[in-house]
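S.K.: Just passing along the structure, written as structure tokens.
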Amino acid sequence: MSTETASVVIVGGGLEGAAAAWALGQRGITDVIVCERDTVGGGMTGKSSGIVRCHYGVGSLAAMAAIGLEVFEKAEEIFGSDIGFRQTGYVVGVGEPNVENMRKSLAAQRAVGVQTEEIDAADVAAMWPAADLEPFAAFGWEERGGYGDAYQTAQAFAASARATGIRIRQGTTVTGLVLDADRVTGVRLADGSTISADTVVVATGVWSRPFLAPYGVDVPIEVHREQIVMIHPGDALGDVPVFSDLVSLQYVRPDVRGEILFGNSDLAALDVADPDDYRNRADSDFIDLTVEKVGTRFPGFTDPAITTSYAGCYDVTPDWNPIISRGPLEGLVLAAGFSGHGFKISPAVGRLIADLVVDGRSADPRIPESDFRFTRFAEGDLLTTRFPYVGAGEMR
Ligand SMILES: Cc1cc2nc3c(=O)[nH]c(=O)nc-3n(C[C@H](O)[C@H](O)[C@H](O)COP(=O)(O)OP(=O)(O)OC[C@H]3O[C@@H](n4cnc5c(N)ncnc54)[C@H](O)[C@@H]3O)c2cc1C
């Protein structure tokens, strides 16, 4: 069987693998092959809600989201195509117990370059007249936030990488790694051929744990199903911003057809799933929860009706933050475990992967590579927010 060679092989052509290819291409590293068993963006990327905000209590993540936003804003110029980014603004509302930490978090976000401020209930009411804002004690606001289309963004990354000479192979399943002692030297494909490479980047999302288990690498990723419900509100809502409600733990955002996308941000009860066999519709009890949460928060919807629902899976690590790391085998770079928030940071993820491949370290001092190291779980040194929210612990 034939053997090809490349400087870098990327396993997985989802958003993160495609972002890595794009960023490598931007650095002039073009002897790269992306192996995607299906089609680019056809994995969990296609299910993303695509919310773009920089509201993170982890400094490196806030900085990564700020970088992502800059790229999304200039997408036409950078990629020459519309990636579906809609700059509606982003509002986050918190209850009394979280006011102090929200203010500290906003200040810390500004310190790493995020444009964010506190606004009052009257400002929010003017933008979201259909909402009941009574239970909120404070609001954070990002004028430049909004939502994007993760699938279109993955296509743009891949097309841009391809234009630099990077090879994107769709319908190409990687069946395993090729090792020489403890060093990864390439990958084996389903047709029996191999590609030898100096570096192999594994960006296989929810499929990462079983992919790496045969090599003694236990990636602590659990797969959780997440349900999304689309609602038509009745009368048109106009240009409403994305709304993250940290009192009743839900998020809503407008969609291109006048619908509202609803997601539950109460992650206390998790739905462990098989990413190859999960129910792609909301369960009836989730529909009941949606009706209750949306009905309570948005009494001003004139004639709300559920139009459709679907589900996707998160690749969740113990601290709900990604692994973007060299090792644990030599020649391996891991980029998985995005835990439901990998869209907004994807351009910065691509750049960090490229930095790790080329230099072994991050080029951006705001984003130390140590934050995302694989070994942090075994060391018990998790990456957690400095400003935790009572009752909304997974809002990092
Ligand atoms: C329901 C939902 C809502 C979300 N909402 C948001 C949001 O609002 N904001 C936000 O920032 N993020 C959000 N996310 C998260 C974000 O969309 C994901 O983190 C991101 O899209 C994951 O990209 P990925 O490349 O890691 O994974 P994937 O897109 O799943 O890509 C992995 C790829 O690897 C391929 N693959 C697997 N095994 C092999 C193999 N052996 N050989 C070759 N190819 C292989 C798969 O086919 C797949 O295409 C959401 C995610 C979901 C599921």
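The chains in the structure tokens are called A, B, ... from first to last as shown; in each chain the residues are counted from 1, and the ligands are counted from 1 in the order shown.
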If you run DSSP on this backbone, which residues of stretch 295-354 of chain A come out as helix (DSSP H, G or I), and could you give them as a list in words?

M.R.: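 So the helix (DSSP H, G or I) residues in stretch 295-354 of chain A would be Gly295, Thr296, Arg297, Ser346, Pro347, Ala348, Val349, Gly350, Arg351, Leu352, Ile353 and Ala354 of chain A.
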
S.K.: Can you work out which residues are within 7 Å of ligand 1, considering only C-alpha atoms and all ligand atoms, and then hand them over as a VMD selection string?

M.R.: chain A and resid 11 to 17 35 to 52 150 172 to 175 203 to 208 211 226 to 228 311 to 314 336 338 to 345

S.K.: Write out as a list in words the residues lying within 8 Å of stretch 261-276 of chain A, counting only C-alpha atoms and excluding same-chain residues fewer than 6 positions away.

M.R.: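 With the cut-off at 8 Å, the set is Ser49, Val206, Trp207, Glu222, Val223, His224, Arg225, Glu226, Gln227, Ile228, Val229, Met230, Ile231, Leu249, Gln250, Tyr251, Val252, Arg253, Pro254, Asp255, Thr290, Cys313, Ala392 and Glu394 of chain A.
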
S.K.: Just the number, please: distance in Å from atom CA of A:Val201 to atom CA of A:Val9, one decimal.

M.R.: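 About the pair atom CA of A:Val201 and atom CA of A:Val9: they are 6.2 Å apart.
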
S.K.: Could you tell me which of A:Ser196, A:Ser81, A:Thr317, A:Gln26 comes closest to A:Asp355 if we count only C-alpha atoms?

M.R.: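 Distance minimum relative to A:Asp355 lands on A:Gln26.
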
S.K.: Using DSSP on the backbone, list every residue of stretch 59-204 of chain A that comes out as strand (DSSP E or B), and give them as a ChimeraX atom specification.

M.R.: /A:86,90-94,117-119,138-142,146-147,167-170,174-180,183-189,194-202

S.K.: Take the residues just selected and output them with N, CA and C atoms as a tab-separated table (two decimals), in the first residue's frame.

M.R.:
```
chain	number	residue	atom	x	y	z
A	86	ARG	N	-23.80	37.54	12.06
A	86	ARG	CA	-24.79	38.60	12.20
A	86	ARG	C	-24.54	39.32	13.52
A	90	TYR	N	-24.92	41.29	22.04
A	90	TYR	CA	-25.08	40.19	23.00
A	90	TYR	C	-25.35	40.79	24.38
A	91	VAL	N	-26.43	40.33	25.01
A	91	VAL	CA	-26.72	40.81	26.37
A	91	VAL	C	-26.74	39.61	27.32
A	92	VAL	N	-26.15	39.80	28.49
A	92	VAL	CA	-26.19	38.76	29.52
A	92	VAL	C	-26.82	39.38	30.76
A	93	GLY	N	-27.82	38.69	31.30
A	93	GLY	CA	-28.51	39.19	32.49
A	93	GLY	C	-28.26	38.29	33.68
A	94	VAL	N	-27.95	38.89	34.84
A	94	VAL	CA	-27.69	38.10	36.05
A	94	VAL	C	-28.60	38.56	37.19
A	117	GLU	N	-19.56	46.40	28.38
A	117	GLU	CA	-19.95	47.39	29.40
A	117	GLU	C	-21.20	46.90	30.11
A	118	GLU	N	-21.51	47.58	31.22
A	118	GLU	CA	-22.76	47.29	31.91
A	118	GLU	C	-23.82	48.25	31.36
A	119	ILE	N	-25.02	47.73	31.14
A	119	ILE	CA	-26.12	48.61	30.73
A	119	ILE	C	-27.28	48.38	31.70
A	138	ALA	N	-28.60	42.96	37.03
A	138	ALA	CA	-27.59	43.68	36.24
A	138	ALA	C	-27.45	43.00	34.88
A	139	PHE	N	-26.97	43.80	33.93
A	139	PHE	CA	-26.80	43.29	32.56
A	139	PHE	C	-25.42	43.66	32.01
A	140	GLY	N	-24.79	42.72	31.34
A	140	GLY	CA	-23.57	43.01	30.59
A	140	GLY	C	-23.93	43.10	29.11
A	141	TRP	N	-23.17	43.90	28.38
A	141	TRP	CA	-23.53	44.16	26.98
A	141	TRP	C	-22.28	44.15	26.10
A	142	GLU	N	-22.38	43.45	24.98
A	142	GLU	CA	-21.33	43.50	23.96
A	142	GLU	C	-21.98	43.91	22.65
A	146	GLY	N	-22.97	38.61	18.71
A	146	GLY	CA	-24.03	38.18	17.79
A	146	GLY	C	-24.00	36.68	17.61
A	147	TYR	N	-24.21	36.26	16.39
A	147	TYR	CA	-24.16	34.82	16.12
A	147	TYR	C	-23.66	34.59	14.70
A	167	ARG	N	-4.02	20.27	1.30
A	167	ARG	CA	-4.89	19.24	0.73
A	167	ARG	C	-6.00	18.88	1.73
A	168	ILE	N	-7.24	19.04	1.29
A	168	ILE	CA	-8.39	18.70	2.15
A	168	ILE	C	-9.00	17.43	1.56
A	169	ARG	N	-8.88	16.34	2.27
A	169	ARG	CA	-9.40	15.06	1.77
A	169	ARG	C	-10.69	14.72	2.50
A	170	GLN	N	-11.80	14.81	1.79
A	170	GLN	CA	-13.08	14.42	2.39
A	170	GLN	C	-13.32	12.94	2.08
A	174	VAL	N	-9.53	8.07	8.95
A	174	VAL	CA	-8.26	7.65	9.57
A	174	VAL	C	-8.60	6.52	10.54
A	175	THR	N	-7.99	5.37	10.31
A	175	THR	CA	-8.31	4.23	11.19
A	175	THR	C	-7.39	4.17	12.39
A	176	GLY	N	-6.26	4.87	12.32
A	176	GLY	CA	-5.38	4.86	13.50
A	176	GLY	C	-4.11	5.64	13.26
A	177	LEU	N	-3.35	5.76	14.34
A	177	LEU	CA	-2.06	6.44	14.27
A	177	LEU	C	-0.98	5.43	13.90
A	178	VAL	N	0.09	5.90	13.30
A	178	VAL	CA	1.28	5.07	13.10
A	178	VAL	C	2.31	5.56	14.10
A	179	LEU	N	2.88	4.62	14.86
A	179	LEU	CA	3.84	5.00	15.90
A	179	LEU	C	5.18	4.34	15.69
A	180	ASP	N	6.22	5.05	16.09
A	180	ASP	CA	7.56	4.48	16.17
A	180	ASP	C	7.96	4.67	17.63
A	183	ARG	N	6.61	7.75	19.56
A	183	ARG	CA	6.47	8.91	18.66
A	183	ARG	C	5.45	8.63	17.56
A	184	VAL	N	4.53	9.57	17.37
A	184	VAL	CA	3.56	9.45	16.28
A	184	VAL	C	4.27	9.86	15.00
A	185	THR	N	4.22	8.98	14.02
A	185	THR	CA	4.93	9.28	12.76
A	185	THR	C	3.99	9.39	11.57
A	186	GLY	N	2.69	9.22	11.82
A	186	GLY	CA	1.75	9.35	10.71
A	186	GLY	C	0.40	8.75	11.06
A	187	VAL	N	-0.41	8.55	10.02
A	187	VAL	CA	-1.74	7.96	10.22
A	187	VAL	C	-1.97	6.87	9.19
A	188	ARG	N	-2.87	5.95	9.57
A	188	ARG	CA	-3.27	4.89	8.65
A	188	ARG	C	-4.71	5.17	8.21
A	189	LEU	N	-4.96	5.02	6.93
A	189	LEU	CA	-6.30	5.30	6.38
A	189	LEU	C	-7.09	4.01	6.17
A	194	THR	N	-0.97	4.74	4.16
A	194	THR	CA	-0.54	5.56	5.29
A	194	THR	C	-0.08	6.93	4.78
A	195	ILE	N	-0.12	7.87	5.69
A	195	ILE	CA	0.49	9.18	5.43
A	195	ILE	C	1.49	9.41	6.56
A	196	SER	N	2.76	9.55	6.22
A	196	SER	CA	3.71	9.84	7.29
A	196	SER	C	3.82	11.35	7.44
A	197	ALA	N	4.02	11.78	8.69
A	197	ALA	CA	4.00	13.21	8.99
A	197	ALA	C	4.87	13.49	10.21
A	198	ASP	N	5.39	14.72	10.25
A	198	ASP	CA	6.15	15.13	11.44
A	198	ASP	C	5.21	15.36	12.62
A	199	THR	N	4.03	15.91	12.32
A	199	THR	CA	3.05	16.20	13.38
A	199	THR	C	1.68	15.73	12.95
A	200	VAL	N	0.96	15.11	13.87
A	200	VAL	CA	-0.43	14.73	13.62
A	200	VAL	C	-1.31	15.51	14.62
A	201	VAL	N	-2.24	16.27	14.08
A	201	VAL	CA	-3.19	17.02	14.91
A	201	VAL	C	-4.49	16.20	14.96
A	202	VAL	N	-4.95	15.88	16.16
A	202	VAL	CA	-6.21	15.14	16.29
A	202	VAL	C	-7.30	16.11	16.72
```

S.K.: Which polymer residues have any atom within 6 Å of an atom of stretch 374-391 of chain A, counting only C-alpha atoms, with same-chain residues fewer than 4 positions away left out, as a compact mmCIF listing (two decimals) with N, CA, C and O atoms, in the first residue's frame?

M.R.:
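What landed in selection00.txt:
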```
# COMPACT_ATOMS: atom_id res chain seq x y z
N GLY A 57 -15.00 34.39 32.07
CA GLY A 57 -14.24 34.70 33.28
C GLY A 57 -12.84 34.12 33.25
O GLY A 57 -12.05 34.33 34.17
N VAL A 58 -12.52 33.35 32.20
CA VAL A 58 -11.16 32.84 32.00
C VAL A 58 -10.51 33.80 30.99
O VAL A 58 -11.00 33.94 29.86
N ASN A 98 -25.08 37.45 41.61
CA ASN A 98 -23.99 37.41 40.63
C ASN A 98 -23.53 38.78 40.14
O ASN A 98 -22.65 38.86 39.27
N ASN A 101 -19.66 39.56 40.79
CA ASN A 101 -18.77 38.80 39.92
C ASN A 101 -18.93 39.19 38.45
O ASN A 101 -17.96 39.16 37.69
N ASP A 319 -13.37 20.30 33.12
CA ASP A 319 -13.52 21.72 33.47
C ASP A 319 -14.29 22.49 32.39
O ASP A 319 -14.32 23.72 32.40
N ILE A 323 -9.02 21.04 25.29
CA ILE A 323 -7.62 20.60 25.32
C ILE A 323 -7.03 21.03 23.98
O ILE A 323 -7.52 20.62 22.92
N SER A 325 -3.25 21.08 22.87
CA SER A 325 -2.03 20.72 23.59
C SER A 325 -1.14 19.82 22.77
O SER A 325 -1.63 18.95 22.04
N ARG A 396 -18.50 29.88 31.70
CA ARG A 396 -17.11 30.10 32.07
C ARG A 396 -16.68 31.51 31.82
O ARG A 396 -15.65 31.88 31.60
```

S.K.: Which distance in Å separates atom CA of A:Gly148 and atom CA of A:Leu69, to one decimal?

M.R.: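 Calculated distance between atom CA of A:Gly148 and atom CA of A:Leu69 is 10.1 Å.
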
S.K.: I need the residue nearest A:Ala354 from this list: A:Pro97, A:Glu76, A:Glu369, A:Ala126. Use only C-alpha atoms for the distance.

M.R.: A:Glu369

S.K.: Could you tell me how far atom CA of A:Ala65 lies from atom CA of A:Gly145, in Å and to one decimal?

M.R.: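 Atom-to-atom, atom CA of A:Ala65 to atom CA of A:Gly145, that is 10.0 Å.
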